[in-house]
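For reference, the structure discussed in these notes is given below.
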Amino acid sequence: MTSTTASSRSSRVGATTLLTIVVLALAWFVGFASRLFAIVRFESIIHEFDPWFNYRATHHMVQHGFYKFLNWFDERAWYPLGRIVGGTVYPGLMVTSGLIHWILDSLNFHVHIREVCVFLAPTFSGLTAIATYLLTKELWSPGAGLFAACFIAITPGYTSRSVAGSYDNEGIAIFALQFTYYLWVKSLKTGSIMWASLCALSYFYMVSAWGGYVFIINLIPLHALALIIMGRYSSRLFVSYTSFYCLATILSMQVPFVGFQPVRTSEHMPAFGVFGLLQIVALMHYARNRITRQQFMTLFVGGLTILGGLAVVVYFALVWGGYVAPFSGRFYSLWDTGYAKIHIPIIASVSEHQPTTWVSFFFDLHITAAVFPVGLWYCIKKVNDERVFIILYAVSAVYFAGVMVRLMLTLTPAVCVLAGIGFSYTFEKYLKDDETRDRASSTGSNKDEKLYDKAAKNVKSRSLQSSADGEDTTVSSNVRTIIAIILVIFLLMFVVHATYVTSNAYSHPSVVLQSSTSNGDRIIMDDFREAYHWLRENTADDARIMSWWDYGYQIAGMANRTTLVDNNTWNNSHIALVGKAMSSNESAAYEIMTELDVDYILVIFGGVIGYSGDDINKFLWMVRIAQGEHPKDIREENYFTASGEYSTGAGASETMLNCLMYKMSYYRFGETRVGYNQAGGFDRTRGYVIGKKDITLEYIEEAYTTENWLVRIYKRKELPNKPTVKETTIPIKGKKVSQGKNKKGVIRPAATATKA
Amino acid sequence: MRLLAAVLVVLIAVVASQQTLDEKVQNLVDLTARQSIVKFNLDKWKNLVRMQPRNYSMIVMFTALSPGVNCPICKPAYEEFMIVANSHRYTSAESERRKLFFGIVDYEDAPQIFQQMNLNTAPILYHFGPKLSGKKKPEQMDFQRQGFDADAIGRFVADQSEVHVRVIRPPNYTAPVVIALFVSLLLGMLYMKRNSLDFLLNRTMWGFVCLAITFIFMSGQMWNHIRGPPFMINNPQTKEPSFIHGSTQFQLIAETYIVAVLYALVAVGFICVNEAADQTKEKKAAAGKKTNSLLALINVPANTLAIVGLVLICVFFSFLLSVFRSKYRGYPYSFLFA
């Protein structure tokens, strides 16, 4: 009899394992497939802005090798400053795709590095699902793990950053995040140095991949601290945390971009503080059994206060002495929500850094947003060492997600884990019980006399319940079935919602625009690539192109030309200079552009097709950033209408109408007509006729405008040489002469016109 | 002889005016010695502000501080203005203090000045430059765009008069005091209850705290805190109040409360369903023994509890979906309600 039960158990285990593997494989597949909308609709291209830089860097690395990449000085960005790329990127992403490319190559399976880059994020979503399964399994049960894996595979909050073509750090970082958490929980449970070392290794990967690693290095110490405060200190915690901290710190310092930050910035200090605290607590535990209570209290109270005070004093002394950097502005802006708006406009200007509305929570999480508090509730109710971790994770992540849209990404895994726990808790109750009940009743009747009473009661209650006469101790099987079915319906709704959101909201490459006609046909507007291709083919190889920083990475990646500023916004004054050029009048802008050796200027203009993300709509930020650095020359109020509105229409101010951005956007726009009965120069994005239609350009000339006018490229004119040099005050004189010439040229046709 | 007399008169006049300029400055310095702003009545106003010669700038706030006038922002604007004036008085150099003075005109004290200036709104901040004479309109600070906090006023002053006032805000002690009070209250309560600190180990309490935090942040209260939207909007045409804003980029405070409650009710529904299933086990395990669960105390039949939970989930989740649909145009899916 025992042998039969053993074999049936082993077959059960086999079936469970098979089922687990099948479910995870399906989750991987579904996660991969649902991220391919953009590829199917458009083609295999890199999306948006930052991915273009990552792609360019990866391409460079694959071509020139890893060490060349680490030492890469990019002279095509931030002209004339250049950028040290190797020391200012998280190389994990490039190394990962480079490694995949190398493996495929050595298997004689040749693919272009672009394909690897495009499909990297969807592939990693499957790995994320597996890591989530492992984490949830450690926290709760394998069943909950499977739920969580399926949730994370398709949840829109994660898909938003990992569709095919979205080749960005987050795509692989979420996997590293979840895997690090899994290994941490595992090492805490086992107290083994091996798991802690693996955790540190995984943390190293995370550090090399994404700046969000700071979240981990603060969350794990927070967990350790919470455990100590709750009186849950154990030698397992000591072993795992100390070995993790030491290894992780040393490993993370190997990433060039991170360098000495783990020992020199305030963001990393809490981890060190907890490390010290843990030593004290360990000492206390060691001493408690060896000294008297009186001595212990003296040691405990005296020692702890002195050490604590000393630590605080030393910390402030180090900050004051400049050995440890104080908390960075980005960090402050997470706590003091008004901070960024006042002190760092360039951070505040990025749409990802805005606070999150409830709509985006619901949009990204749907039913899991409503269910994850349930999982949280049961984790608290049945708390143990590792569940403290997920509680802290969820509560801190939900705060951060509320402050910044971008940090929804860190909340999503916690939500998936907890929603998985919530659903599996319910389903375990409502699906499994039939079978166990049968077994229980059968074993109950076979048990000896002692248990007979209790078992009989159970049997009675069940029979009563099945006869449905209102017995109040159990849920009737009909209700069970209904509840199970309805919950499955909710899950189906989540799947449908996730697919809808992925397809409609998160699968736009933003390099290629899509719109639909009135009868539902899709129109694809490829203006960006058209313009970049024009630049690539028709300009000199070393031409310098000025644009607002949003387009820097794309110009470098697609047109392969030198840019002045790009999305790596490390030099605010350089950006402000470009902003100043865009917002001053033509002659002042010409001076700046000459100083910066600009050859071409590129603006994005959406007025013809009604594209709202164009430069005119971003213009106020240019003015603001320019004003921050050049308050004497640029004043924001000059760009408003008399009634204080931002407008390029009839009431626009003189400064607005004469600034370079306005002129470049609307040059010859007055001649266009959208419909028969509409006035010329009707701006579809802003919905009015522009303020000034007869725009003349003196110092620049139109070089190229794309099909839908989306991208307009201008060339800086070389002014004619001055015939003779007489005085030493050349620049001022020269400018005056040229202005006069040009003015004459303008006046003359006007005079002839009046004659005629 | 006549010519001489005329020259003499002119000379005397010049000397007299020179004296009056010095006198005026001295007068102003005296006035601002004890308090940092000058309160104008009609005489002083004519004399010190509107009449040339002047070599100093006047920053004048026109306001209505008496409680009879309904002006809710006058008071905070006045306080910010005072901060700048005080900073000027205490931190600026002696020479700079002679170049720039702060003044205030209260509607109650001198309504004639308001009439003279043709003003019917308050508060307004004007800068009367040293060259400004006669009936010319002075430079006005735009509160709408720049705001009226002390830093903005300081910037306006620096722009206009080239006197840089280092704005020093007297530290606001209310927040630390409130926090200290709260903490001491908490510690006191802990000390009072030191014999039974069990409630700290009460998981239900911690559960409620954590769930409250998640509902607060998931319903976008942080957004409300940062952006400060109105509680609700009245439709200008129909005068009907609307609690839900029809765009995904904006939200009203009322709708976030609604959403938080909906989330909470769905979660409660789920917990009910689970508790219903748990009841069986608990009864089995602890026949007759008191359980910790809240729901067990009410002693609802498990079936009813499960059905109540299910109804809660279905109804309120579909309600949540329809609220979402009303904001996110074109979202195709709904459940139970449209």
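Chain labels follow the order of the structure tokens: the first chain is A, the next B, and so on; residue numbering restarts at 1 in every chain, and ligands are counted from 1 in their shown order.
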
Return as a compact mmCIF listing (two decimals) with N, CA and C atoms, in the first residue's frame the residues belonging to chain A that are within 7 Å of chain B, counting only C-alpha atoms.
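Contents of part34.txt, freshly written:
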```txt
# COMPACT_ATOMS: atom_id res chain seq x y z
N THR A 337 7.95 66.79 -3.15
CA THR A 337 7.42 66.72 -4.51
C THR A 337 7.52 68.04 -5.25
N PRO A 355 3.67 63.21 -11.82
CA PRO A 355 2.96 62.30 -10.91
C PRO A 355 1.93 61.46 -11.67
N THR A 356 1.48 60.40 -11.04
CA THR A 356 0.64 59.43 -11.72
C THR A 356 -0.83 59.65 -11.37
N THR A 357 -1.67 59.70 -12.39
CA THR A 357 -3.10 59.78 -12.13
C THR A 357 -3.63 58.39 -11.83
N TRP A 358 -4.81 58.33 -11.24
CA TRP A 358 -5.35 57.00 -10.94
C TRP A 358 -5.64 56.26 -12.23
N VAL A 359 -5.92 57.02 -13.30
CA VAL A 359 -6.23 56.36 -14.57
C VAL A 359 -5.05 55.52 -15.03
N PHE A 361 -2.77 54.15 -13.20
CA PHE A 361 -2.69 52.95 -12.37
C PHE A 361 -3.63 51.88 -12.90
N ALA A 370 -6.89 45.93 -8.17
CA ALA A 370 -7.91 45.76 -7.15
C ALA A 370 -7.63 44.54 -6.28
N VAL A 371 -6.93 43.55 -6.80
CA VAL A 371 -6.74 42.31 -6.06
C VAL A 371 -5.45 42.34 -5.25
N PRO A 373 -4.19 44.42 -3.12
CA PRO A 373 -4.34 44.65 -1.68
C PRO A 373 -4.77 43.40 -0.92
N VAL A 374 -5.52 42.53 -1.60
CA VAL A 374 -5.95 41.29 -0.94
C VAL A 374 -4.73 40.43 -0.63
N TRP A 377 -2.93 41.89 2.18
CA TRP A 377 -3.65 41.62 3.43
C TRP A 377 -3.28 40.25 3.98
N ILE A 380 0.21 40.03 5.27
CA ILE A 380 0.37 40.61 6.60
C ILE A 380 -0.22 39.69 7.65
N LYS A 381 -1.36 39.12 7.31
CA LYS A 381 -2.03 38.23 8.26
C LYS A 381 -1.16 37.01 8.57
N VAL A 395 4.53 48.42 -0.44
CA VAL A 395 4.15 49.71 0.12
C VAL A 395 5.08 50.82 -0.37
N VAL A 398 4.42 51.45 -4.19
CA VAL A 398 3.17 52.14 -4.52
C VAL A 398 3.31 53.63 -4.24
N TYR A 399 4.11 53.96 -3.25
CA TYR A 399 4.39 55.38 -3.02
C TYR A 399 5.17 55.98 -4.20
N GLY A 402 3.27 56.51 -7.24
CA GLY A 402 2.38 57.67 -7.17
C GLY A 402 3.10 58.97 -7.48
N VAL A 403 4.38 59.03 -7.15
CA VAL A 403 5.12 60.27 -7.35
C VAL A 403 5.53 60.43 -8.81
N THR A 426 -7.66 32.41 -3.21
CA THR A 426 -9.09 32.18 -3.41
C THR A 426 -9.34 30.89 -4.18
N LYS A 429 -9.05 27.69 -2.30
CA LYS A 429 -10.21 27.41 -1.47
C LYS A 429 -11.36 26.89 -2.30
N ASP A 472 -24.70 26.95 8.04
CA ASP A 472 -23.92 28.17 7.91
C ASP A 472 -22.42 27.97 8.03
N THR A 473 -21.90 26.78 8.00
CA THR A 473 -20.47 26.65 8.21
C THR A 473 -19.67 26.57 6.93
N THR A 474 -20.24 26.12 5.86
CA THR A 474 -19.45 26.01 4.63
C THR A 474 -20.16 26.70 3.48
N VAL A 475 -19.40 26.85 2.42
CA VAL A 475 -19.96 27.45 1.22
C VAL A 475 -20.46 26.32 0.33
N SER A 476 -21.66 26.45 -0.14
CA SER A 476 -22.22 25.35 -0.93
C SER A 476 -21.50 25.23 -2.27
N ILE A 483 -18.58 31.33 -8.02
CA ILE A 483 -17.48 32.24 -7.71
C ILE A 483 -16.27 31.93 -8.58
```

Set the distance at 7 Å and use only C-alpha atoms: which residues neighbour Gly607 of chain A once local chain neighbours fewer than 3 positions away are removed? I'd like the list as an mmCIF file with N, CA and C atoms, in the first residue's frame.
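The resulting file, around.cif, is reproduced below:
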```cif
data_model
loop_
_atom_site.group_PDB
_atom_site.id
_atom_site.type_symbol
_atom_site.label_atom_id
_atom_site.label_comp_id
_atom_site.auth_asym_id
_atom_site.auth_seq_id
_atom_site.Cartn_x
_atom_site.Cartn_y
_atom_site.Cartn_z
ATOM 1 N N GLY A 610 -1.389 67.887 -37.581
ATOM 2 C CA GLY A 610 -1.997 67.855 -36.257
ATOM 3 C C GLY A 610 -1.271 66.945 -35.295
ATOM 4 N N TYR A 611 0.053 66.950 -35.364
ATOM 5 C CA TYR A 611 0.871 66.135 -34.452
ATOM 6 C C TYR A 611 1.207 67.001 -33.240
ATOM 7 N N ASP A 683 -3.118 76.296 -38.409
ATOM 8 C CA ASP A 683 -2.329 75.315 -37.672
ATOM 9 C C ASP A 683 -3.263 74.265 -37.088
ATOM 10 N N ARG A 684 -3.164 73.045 -37.551
ATOM 11 C CA ARG A 684 -4.125 72.024 -37.121
ATOM 12 C C ARG A 684 -3.861 71.540 -35.705
ATOM 13 N N THR A 685 -2.608 71.589 -35.273
ATOM 14 C CA THR A 685 -2.329 71.127 -33.916
ATOM 15 C C THR A 685 -2.953 72.054 -32.892
#
```

Could you write out, as a PDB file with C-alpha atoms, in the first residue's frame, all the residues of segment 607-705 of chain A that DSSP marks as strand (DSSP E or B)?
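Now in part11.pdb:
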```
ATOM      1  CA  PHE A 640       3.024  85.231 -23.919  1.00  0.00           C
ATOM      2  CA  TYR A 646       0.824  80.852 -24.752  1.00  0.00           C
ATOM      3  CA  CYS A 659      12.034  84.027 -32.553  1.00  0.00           C
ATOM      4  CA  PHE A 682      -4.230  77.219 -40.356  1.00  0.00           C
ATOM      5  CA  ASP A 683      -2.329  75.315 -37.672  1.00  0.00           C
ATOM      6  CA  TYR A 688      -6.037  78.548 -35.234  1.00  0.00           C
ATOM      7  CA  VAL A 689      -4.488  80.606 -37.978  1.00  0.00           C
ATOM      8  CA  ILE A 700      19.241  80.657 -42.631  1.00  0.00           C
ATOM      9  CA  GLU A 701      17.618  79.015 -45.576  1.00  0.00           C
ATOM     10  CA  GLU A 702      15.266  76.116 -45.913  1.00  0.00           C
ATOM     11  CA  ALA A 703      17.139  72.979 -46.840  1.00  0.00           C
ATOM     12  CA  TYR A 704      14.527  70.271 -46.697  1.00  0.00           C
ATOM     13  CA  THR A 705      10.978  69.713 -45.553  1.00  0.00           C
TER      14      THR A 705
END
```

**Study point:** All alpha helix (DSSP H) positions in segment 179-334 of chain B, as a ChimeraX atom specification
**Key:** /B:179-192,203-218,221-227,253-285,294-298,302-327

Review point. Mind pulling up the distance from atom CA of Lys715 of chain A to atom CA of Val623 of chain A?
Key: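 According to the coordinates, atom CA of Val623 of chain A and atom CA of Lys715 of chain A are separated by 22.3 Å.
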
List the neighbours of Ala556 of chain A out to 12 Å using only C-alpha atoms; skip same-chain residues closer than 5 positions along the sequence, and give me the result as a tab-separated table (two decimals) with C-alpha atoms, in the first residue's frame.
```tsv
chain	number	residue	atom	x	y	z
A	49	PHE	CA	14.64	57.99	-28.49
A	50	ASP	CA	16.83	56.33	-25.88
A	51	PRO	CA	16.74	52.95	-27.61
A	52	TRP	CA	18.42	54.58	-30.58
A	53	PHE	CA	21.39	55.47	-28.48
A	54	ASN	CA	21.50	52.02	-26.93
A	55	TYR	CA	21.36	50.51	-30.37
A	56	ARG	CA	24.11	52.77	-31.63
A	57	ALA	CA	26.29	51.91	-28.62
A	74	ASP	CA	31.88	59.92	-28.78
A	75	GLU	CA	32.83	63.09	-30.63
A	76	ARG	CA	29.54	63.07	-32.52
A	77	ALA	CA	27.50	64.04	-29.49
A	78	TRP	CA	27.47	67.23	-27.46
A	79	TYR	CA	29.52	69.10	-30.01
A	532	TYR	CA	17.19	61.55	-41.22
A	533	HIS	CA	17.89	59.73	-44.41
A	535	LEU	CA	20.63	64.23	-43.71
A	536	ARG	CA	22.62	61.07	-44.10
A	541	ASP	CA	29.94	63.68	-42.91
A	542	ASP	CA	31.01	66.11	-40.20
A	543	ALA	CA	28.00	68.40	-40.44
A	544	ARG	CA	26.74	69.69	-37.09
A	545	ILE	CA	23.01	69.59	-36.60
A	546	MET	CA	21.22	71.61	-34.01
A	547	SER	CA	17.89	70.43	-32.69
A	549	TRP	CA	17.60	67.54	-27.20
A	550	ASP	CA	14.74	65.10	-27.72
A	551	TYR	CA	15.95	64.30	-31.21
A	561	ARG	CA	25.60	63.18	-37.88
A	562	THR	CA	27.03	65.28	-35.08
A	563	THR	CA	24.52	66.73	-32.64
A	564	LEU	CA	24.81	69.51	-30.11
A	565	VAL	CA	22.59	68.16	-27.39
A	566	ASP	CA	20.87	64.85	-26.90
A	567	ASN	CA	18.70	62.89	-24.54
```

**Study point:** Contacts of Ser396 of chain A within 12 Å, only C-alpha atoms, excl. fewer than 6 positions in-chain, as a ChimeraX atom specification
**Key:** /A:215-216,218-220,222-223,334-335,389-390,402-403,407-408,410-411,414-415 /B:210,213-214,217

Emit the selected residues as a PDB file, in the first residue's frame, including N, CA and C atoms.
```pdb
ATOM      1  N   PHE A 215      17.120  51.293  -5.865  1.00  0.00           N
ATOM      2  CA  PHE A 215      15.929  50.800  -5.172  1.00  0.00           C
ATOM      3  C   PHE A 215      16.227  49.499  -4.432  1.00  0.00           C
ATOM      4  N   ILE A 216      16.950  48.588  -5.077  1.00  0.00           N
ATOM      5  CA  ILE A 216      17.270  47.316  -4.429  1.00  0.00           C
ATOM      6  C   ILE A 216      18.160  47.539  -3.226  1.00  0.00           C
ATOM      7  N   ASN A 218      18.442  49.865  -1.361  1.00  0.00           N
ATOM      8  CA  ASN A 218      17.768  50.440  -0.204  1.00  0.00           C
ATOM      9  C   ASN A 218      16.665  49.554   0.335  1.00  0.00           C
ATOM     10  N   LEU A 219      16.060  48.761  -0.546  1.00  0.00           N
ATOM     11  CA  LEU A 219      14.951  47.921  -0.095  1.00  0.00           C
ATOM     12  C   LEU A 219      15.445  46.742   0.740  1.00  0.00           C
ATOM     13  N   ILE A 220      16.527  46.110   0.314  1.00  0.00           N
ATOM     14  CA  ILE A 220      17.018  44.952   1.064  1.00  0.00           C
ATOM     15  C   ILE A 220      17.479  45.358   2.471  1.00  0.00           C
ATOM     16  N   LEU A 222      16.320  47.829   4.117  1.00  0.00           N
ATOM     17  CA  LEU A 222      15.077  48.157   4.822  1.00  0.00           C
ATOM     18  C   LEU A 222      14.434  46.888   5.364  1.00  0.00           C
ATOM     19  N   HIS A 223      14.452  45.853   4.540  1.00  0.00           N
ATOM     20  CA  HIS A 223      13.917  44.567   4.965  1.00  0.00           C
ATOM     21  C   HIS A 223      14.681  44.051   6.184  1.00  0.00           C
ATOM     22  N   LEU A 334      11.861  62.795  -5.091  1.00  0.00           N
ATOM     23  CA  LEU A 334      10.936  61.719  -4.757  1.00  0.00           C
ATOM     24  C   LEU A 334      10.217  61.995  -3.444  1.00  0.00           C
ATOM     25  N   TRP A 335      10.864  62.720  -2.550  1.00  0.00           N
ATOM     26  CA  TRP A 335      10.234  62.942  -1.231  1.00  0.00           C
ATOM     27  C   TRP A 335       9.571  64.296  -1.179  1.00  0.00           C
ATOM     28  N   PHE A 389       9.320  41.159   3.355  1.00  0.00           N
ATOM     29  CA  PHE A 389       9.978  41.762   2.204  1.00  0.00           C
ATOM     30  C   PHE A 389       8.964  42.252   1.178  1.00  0.00           C
ATOM     31  N   ILE A 390       8.022  41.372   0.812  1.00  0.00           N
ATOM     32  CA  ILE A 390       7.087  41.775  -0.246  1.00  0.00           C
ATOM     33  C   ILE A 390       6.164  42.881   0.264  1.00  0.00           C
ATOM     34  N   GLY A 402       3.268  56.513  -7.239  1.00  0.00           N
ATOM     35  CA  GLY A 402       2.383  57.666  -7.173  1.00  0.00           C
ATOM     36  C   GLY A 402       3.095  58.965  -7.476  1.00  0.00           C
ATOM     37  N   VAL A 403       4.382  59.027  -7.149  1.00  0.00           N
ATOM     38  CA  VAL A 403       5.123  60.267  -7.352  1.00  0.00           C
ATOM     39  C   VAL A 403       5.532  60.426  -8.813  1.00  0.00           C
ATOM     40  N   LEU A 407       7.981  55.243 -12.419  1.00  0.00           N
ATOM     41  CA  LEU A 407       8.236  54.199 -11.434  1.00  0.00           C
ATOM     42  C   LEU A 407       7.085  53.213 -11.305  1.00  0.00           C
ATOM     43  N   MET A 408       6.056  53.364 -12.144  1.00  0.00           N
ATOM     44  CA  MET A 408       5.036  52.322 -12.248  1.00  0.00           C
ATOM     45  C   MET A 408       5.708  50.979 -12.528  1.00  0.00           C
ATOM     46  N   THR A 410       8.435  49.740 -11.381  1.00  0.00           N
ATOM     47  CA  THR A 410       8.898  48.985 -10.215  1.00  0.00           C
ATOM     48  C   THR A 410       7.730  48.468  -9.396  1.00  0.00           C
ATOM     49  N   LEU A 411       6.598  49.141  -9.508  1.00  0.00           N
ATOM     50  CA  LEU A 411       5.429  48.659  -8.757  1.00  0.00           C
ATOM     51  C   LEU A 411       4.850  47.409  -9.395  1.00  0.00           C
ATOM     52  N   ALA A 414       5.622  43.896  -8.042  1.00  0.00           N
ATOM     53  CA  ALA A 414       5.046  43.664  -6.718  1.00  0.00           C
ATOM     54  C   ALA A 414       3.557  43.394  -6.830  1.00  0.00           C
ATOM     55  N   VAL A 415       2.887  44.159  -7.693  1.00  0.00           N
ATOM     56  CA  VAL A 415       1.451  43.967  -7.871  1.00  0.00           C
ATOM     57  C   VAL A 415       1.175  42.578  -8.422  1.00  0.00           C
TER      58      VAL A 415
ATOM     59  N   CYS B 210      -1.417  49.347   5.922  1.00  0.00           N
ATOM     60  CA  CYS B 210      -0.804  49.124   4.607  1.00  0.00           C
ATOM     61  C   CYS B 210      -1.829  49.266   3.488  1.00  0.00           C
ATOM     62  N   ILE B 213      -2.580  52.805   2.787  1.00  0.00           N
ATOM     63  CA  ILE B 213      -1.518  53.444   1.994  1.00  0.00           C
ATOM     64  C   ILE B 213      -1.682  53.096   0.516  1.00  0.00           C
ATOM     65  N   THR B 214      -1.909  51.821   0.235  1.00  0.00           N
ATOM     66  CA  THR B 214      -2.030  51.450  -1.189  1.00  0.00           C
ATOM     67  C   THR B 214      -3.234  52.125  -1.825  1.00  0.00           C
ATOM     68  N   PHE B 217      -2.460  55.874  -2.526  1.00  0.00           N
ATOM     69  CA  PHE B 217      -1.582  56.202  -3.651  1.00  0.00           C
ATOM     70  C   PHE B 217      -2.138  55.718  -4.970  1.00  0.00           C
TER      71      PHE B 217
END
```

Review point. So, counting only C-alpha atoms, which residue among B:Arg329, B:Lys24, B:Lys99, B:Lys193 is closest to Phe128 of chain B?
Key: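 Using only C-alpha atoms, the shortest distance to Phe128 of chain B belongs to B:Lys99.
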
Point to revise | Polymer residues at most 10 Å from Lys75 of chain B, only C-alpha atoms, same-chain spacing of 2 or more positions, as a ChimeraX atom specification | key: /B:63-67,71-73,77-81,123

Review point. Tyr167 of chain A: which residues within 12 Å, counting only C-alpha atoms, same-chain residues fewer than 6 positions away excluded, as a ChimeraX atom specification?
Key: /A:44-58,93-94,96-97,113-124,160-161,173,509

Point to revise | For atom CA of Leu252 of chain B and atom CA of Ala369 of chain A, the interatomic separation in Å (one decimal) | key: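 Distance between the two atoms: 20.1 Å.
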
Exercise for review: Enter the distance from atom CA of Arg232 of chain A to atom CA of Phe275 of chain A, in Å, rounded to one decimal.
Suggested key: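 Taking atom CA of Arg232 of chain A as the start and atom CA of Phe275 of chain A as the end point, the length is 15.9 Å.
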